[in-house]
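What follows is a set of notes on a single structure, which appears directly below.
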Amino acid sequence: MKVRVLGCSGAIAKDCRTTSFLIGDSILLDAGTGVGDLTLDEMGKIDHVLLTHSHLDHIAALPLMLDAVSSQRRRPVQVHALADTIGALQDHVFNNVIWPDFSTIPSAASPFLQYRTFVPGEVLSIAGTQIEVLPAHHTVAAVGFAVQGDTGWWVFSGDTERNPSFWNRVNAMPVACLVIETAFSNRERDLARRSLHLSPETLAQELAHIPAADRYPIYITHTKPSETSLIMDEIRQFDSTARTHHSPHDIRWLSAGQTMEV
């Protein structure tokens with residue numbers, strides 16, 4: 001299974017694109033600004049979009065992508081999300097004010113967009129790929145995802161603060177790699193706590209849930225562009241000093257354009 005990182009930044013700037021991952025050719029996990037790097041042909045192959053939550057940095061490109069390719073498609077794009085996320089899209093985006101309601105265009109019987117709800121814990125079979133919906137703890141209803149590959153599960157935390165339920169499930173999986181958010185540096189720990197994001201301080205508490213025998217790459221995502229270097233320095237510092245009885249984790253920074261084979 002190939003995972004292409006289209007965007008993984010916590011905000012926009014030159015070369016910084018917000019969250020979006022392409023699984024194979026036809027599945028999109030989140031629809032941040034990174035989608036804009038796809039060609040029209042690549043966008044036209046996307047049949048399924050799975051959303052972690054309704055915040056703008058994770059949905060910003062969805063209306064524009066649908067507009068770009070809808071006339072070329074013969075079947076609707078399936079948008080899979082929590083009921084709350086779908087409700088937010090219907091109320092605040094595809095509402096014929098901010099953007100046309102593509103779930104009724106060109107007709108309700110043959111729309112450009114169809115919604116599909118899921119719940120945490122559900123295992124979806126989409127285009128021959130198994131995707132489990134994982135719990136997340138954020139300011140709006142949110143989830144993460146685990147995608148089954150040939151070598152194990154590619155796990156994505158989504159936007160989240162500390163989340164024991166996430167680790168209860170992940171530690172029961174053969175994990176191939178973990179993509180986990182760390183949006184703010186420790187100097188912004190109070191803002192991270194209020195916005196239900198991780199900082200290096202709370203990331204350390206989360207990674208302590210991983211059994212010492214489990215070794216897999218851990219990719220840091222959703223860093224604010226102005227703080228990325230500081231965040232990574234703080235992560236390396238805690239990881240080199242906190243694990244006195246075990247070797248440090250294999251922690252890496254995620255960047256747009258990376259491709260992972262799982």
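Residue names in the structure tokens use chain letters A, B, ... in the order shown, residue numbers from 1 in each chain, and ligand numbers from 1 in the order shown.
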- Near range 77-84 of chain A, within 6 Å and counting only C-alpha atoms, which residues show up once chain neighbours fewer than 3 positions away are dropped, as a PyMOL selection string? chain A and resi 47-51+87+113-118
- Item | DSSP-assigned strand (DSSP E) among range 131-213 of chain A, expressed as a PyMOL selection string | chain A and resi 131-135+143-148+153-156+175-181
Take the residues from that selection and put them in a file with N, CA and C atoms, as a compact mmCIF listing (two decimals), in the first residue's frame.
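File part03.txt, as written:
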# COMPACT_ATOMS: atom_id res chain seq x y z
N ILE A 131 -9.86 0.01 6.57
CA ILE A 131 -9.59 1.24 7.30
C ILE A 131 -10.40 1.23 8.59
N GLU A 132 -9.71 1.32 9.73
CA GLU A 132 -10.41 1.35 11.01
C GLU A 132 -10.50 2.79 11.51
N VAL A 133 -11.65 3.15 12.02
CA VAL A 133 -11.88 4.49 12.55
C VAL A 133 -11.47 4.49 14.02
N LEU A 134 -10.51 5.33 14.37
CA LEU A 134 -9.94 5.38 15.72
C LEU A 134 -10.47 6.59 16.48
N PRO A 135 -10.54 6.51 17.81
CA PRO A 135 -11.01 7.66 18.59
C PRO A 135 -9.98 8.78 18.63
N VAL A 143 -11.87 11.97 14.72
CA VAL A 143 -11.34 10.61 14.73
C VAL A 143 -9.94 10.60 14.15
N GLY A 144 -9.28 9.47 14.30
CA GLY A 144 -8.08 9.15 13.55
C GLY A 144 -8.39 7.95 12.67
N PHE A 145 -7.36 7.44 11.97
CA PHE A 145 -7.56 6.29 11.11
C PHE A 145 -6.37 5.33 11.21
N ALA A 146 -6.65 4.05 11.01
CA ALA A 146 -5.62 3.05 10.81
C ALA A 146 -5.92 2.35 9.50
N VAL A 147 -4.93 2.30 8.62
CA VAL A 147 -5.10 1.71 7.29
C VAL A 147 -4.21 0.49 7.20
N GLN A 148 -4.79 -0.63 6.82
CA GLN A 148 -4.04 -1.89 6.78
C GLN A 148 -3.23 -2.00 5.50
N TRP A 153 -0.20 -1.87 10.03
CA TRP A 153 -1.16 -0.77 9.96
C TRP A 153 -0.44 0.57 9.94
N TRP A 154 -0.85 1.40 9.00
CA TRP A 154 -0.43 2.80 8.97
C TRP A 154 -1.44 3.56 9.84
N VAL A 155 -0.96 4.17 10.92
CA VAL A 155 -1.85 4.76 11.92
C VAL A 155 -1.69 6.27 11.92
N PHE A 156 -2.82 6.97 11.90
CA PHE A 156 -2.86 8.43 11.90
C PHE A 156 -3.72 8.90 13.06
N VAL A 175 1.55 -2.42 14.25
CA VAL A 175 1.72 -1.09 13.65
C VAL A 175 2.97 -1.07 12.78
N ALA A 176 2.81 -0.59 11.55
CA ALA A 176 3.96 -0.41 10.67
C ALA A 176 4.58 0.97 10.85
N CYS A 177 3.74 2.00 11.03
CA CYS A 177 4.24 3.33 11.34
C CYS A 177 3.10 4.16 11.92
N LEU A 178 3.47 5.19 12.65
CA LEU A 178 2.52 6.07 13.31
C LEU A 178 2.76 7.50 12.85
N VAL A 179 1.69 8.17 12.44
CA VAL A 179 1.71 9.60 12.14
C VAL A 179 0.91 10.28 13.24
N ILE A 180 1.56 11.15 14.03
CA ILE A 180 0.90 11.75 15.18
C ILE A 180 1.16 13.25 15.21
N GLU A 181 0.13 13.98 15.56
CA GLU A 181 0.23 15.43 15.56
C GLU A 181 1.00 15.97 16.76
- Query: Thr221 in chain A: which residues within 12 Å, counting only C-alpha atoms, same-chain residues fewer than 4 positions away excluded, as a ChimeraX atom specification?
  - Reply: /A:5-11,16-21,156-160,178-184,197-200,203,225,228,231-232,251-256
Please write the residues from the selection above to a file, keeping N, CA and C atoms, as a short mmCIF file (atom, residue, chain, number, x, y, z; two decimals), in the first residue's frame.
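Saved file part_9.cif follows:
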data_model
loop_
_atom_site.label_atom_id
_atom_site.label_comp_id
_atom_site.auth_asym_id
_atom_site.auth_seq_id
_atom_site.Cartn_x
_atom_site.Cartn_y
_atom_site.Cartn_z
N VAL A 5 1.99 11.72 0.99
CA VAL A 5 1.73 12.86 1.87
C VAL A 5 1.55 14.10 0.99
N LEU A 6 0.31 14.56 0.88
CA LEU A 6 0.04 15.76 0.11
C LEU A 6 0.23 17.02 0.94
N GLY A 7 -0.16 16.95 2.20
CA GLY A 7 -0.01 18.07 3.11
C GLY A 7 0.02 17.58 4.54
N CYS A 8 0.80 18.23 5.38
CA CYS A 8 0.91 17.79 6.78
C CYS A 8 1.27 18.94 7.71
N SER A 9 1.04 20.16 7.27
CA SER A 9 1.37 21.33 8.08
C SER A 9 0.16 21.79 8.88
N GLY A 10 0.42 22.46 9.99
CA GLY A 10 -0.65 22.99 10.81
C GLY A 10 -1.18 24.33 10.35
N ALA A 11 -0.59 24.88 9.29
CA ALA A 11 -1.04 26.15 8.72
C ALA A 11 -0.39 26.30 7.36
N CYS A 16 4.17 24.95 2.60
CA CYS A 16 3.44 24.36 3.73
C CYS A 16 1.99 24.15 3.31
N ARG A 17 1.55 22.91 3.34
CA ARG A 17 0.21 22.56 2.92
C ARG A 17 -0.48 21.80 4.03
N THR A 18 -1.75 22.04 4.20
CA THR A 18 -2.43 21.42 5.35
C THR A 18 -2.87 20.00 5.02
N THR A 19 -3.35 19.30 6.03
CA THR A 19 -3.40 17.85 6.09
C THR A 19 -4.18 17.20 4.97
N SER A 20 -3.52 16.27 4.29
CA SER A 20 -4.17 15.41 3.30
C SER A 20 -3.22 14.30 2.91
N PHE A 21 -3.75 13.07 2.86
CA PHE A 21 -2.98 11.89 2.48
C PHE A 21 -3.72 11.15 1.38
N PHE A 156 -2.82 6.97 11.90
CA PHE A 156 -2.86 8.43 11.90
C PHE A 156 -3.72 8.90 13.06
N SER A 157 -3.15 9.71 13.94
CA SER A 157 -3.86 10.13 15.15
C SER A 157 -4.99 11.10 14.87
N GLY A 158 -4.94 11.83 13.73
CA GLY A 158 -5.82 12.96 13.56
C GLY A 158 -5.46 14.06 14.55
N ASP A 159 -6.27 15.10 14.61
CA ASP A 159 -6.05 16.17 15.60
C ASP A 159 -6.56 15.68 16.95
N THR A 160 -5.70 15.72 17.95
CA THR A 160 -6.09 15.12 19.23
C THR A 160 -5.23 15.66 20.36
N LEU A 178 3.47 5.19 12.65
CA LEU A 178 2.52 6.07 13.31
C LEU A 178 2.76 7.50 12.85
N VAL A 179 1.69 8.17 12.44
CA VAL A 179 1.71 9.60 12.14
C VAL A 179 0.91 10.28 13.24
N ILE A 180 1.56 11.15 14.03
CA ILE A 180 0.90 11.75 15.18
C ILE A 180 1.16 13.25 15.21
N GLU A 181 0.13 13.98 15.56
CA GLU A 181 0.23 15.43 15.56
C GLU A 181 1.00 15.97 16.76
N THR A 182 1.69 17.08 16.55
CA THR A 182 2.24 17.90 17.63
C THR A 182 2.19 19.33 17.13
N ALA A 183 1.10 20.02 17.41
CA ALA A 183 0.81 21.29 16.75
C ALA A 183 1.60 22.45 17.32
N PHE A 184 1.93 22.40 18.62
CA PHE A 184 2.52 23.56 19.28
C PHE A 184 3.78 23.17 20.04
N HIS A 197 -4.78 20.08 21.30
CA HIS A 197 -3.68 19.60 20.46
C HIS A 197 -2.56 19.13 21.39
N LEU A 198 -1.59 18.46 20.81
CA LEU A 198 -0.41 18.02 21.56
C LEU A 198 0.72 19.04 21.43
N SER A 199 1.53 19.11 22.47
CA SER A 199 2.82 19.77 22.46
C SER A 199 3.86 18.69 22.76
N PRO A 200 5.16 18.95 22.62
CA PRO A 200 6.14 17.92 22.93
C PRO A 200 5.98 17.35 24.34
N LEU A 203 3.05 15.04 24.08
CA LEU A 203 3.43 13.95 23.18
C LEU A 203 4.24 12.91 23.94
N PRO A 225 4.10 26.17 11.08
CA PRO A 225 5.33 26.46 10.33
C PRO A 225 6.34 27.30 11.09
N THR A 228 8.11 24.77 13.77
CA THR A 228 8.49 23.40 13.44
C THR A 228 9.86 23.03 13.98
N ILE A 231 9.72 22.73 17.78
CA ILE A 231 8.97 21.54 18.19
C ILE A 231 9.84 20.29 18.03
N MET A 232 10.51 20.15 16.90
CA MET A 232 11.32 18.96 16.68
C MET A 232 12.51 18.92 17.64
N ILE A 251 11.84 8.74 15.83
CA ILE A 251 10.95 9.88 15.56
C ILE A 251 11.48 10.68 14.38
N ARG A 252 10.59 10.97 13.45
CA ARG A 252 10.95 11.68 12.23
C ARG A 252 9.94 12.81 11.98
N TRP A 253 10.36 13.82 11.24
CA TRP A 253 9.45 14.89 10.84
C TRP A 253 8.82 14.53 9.52
N LEU A 254 7.52 14.70 9.41
CA LEU A 254 6.80 14.41 8.18
C LEU A 254 6.81 15.65 7.30
N SER A 255 6.96 15.45 6.00
CA SER A 255 6.94 16.59 5.08
C SER A 255 6.12 16.24 3.85
N ALA A 256 5.52 17.26 3.27
CA ALA A 256 4.72 17.08 2.06
C ALA A 256 5.62 16.54 0.94
#
- Task: Go through A:Val170, A:Ala213, A:Val123, A:Leu230 and flag the residue nearest Asn186 in chain A, using only C-alpha atoms for the distances.
- Result: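 Ranked by minimum distance to Asn186 in chain A, first place goes to A:Leu230.
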- Message: Could you pull out the alpha helix (DSSP H) residues of range 175-217 of chain A, going by DSSP on the backbone, and write them as a VMD selection string?
- Response: chain A and resid 189 to 194 200 to 207
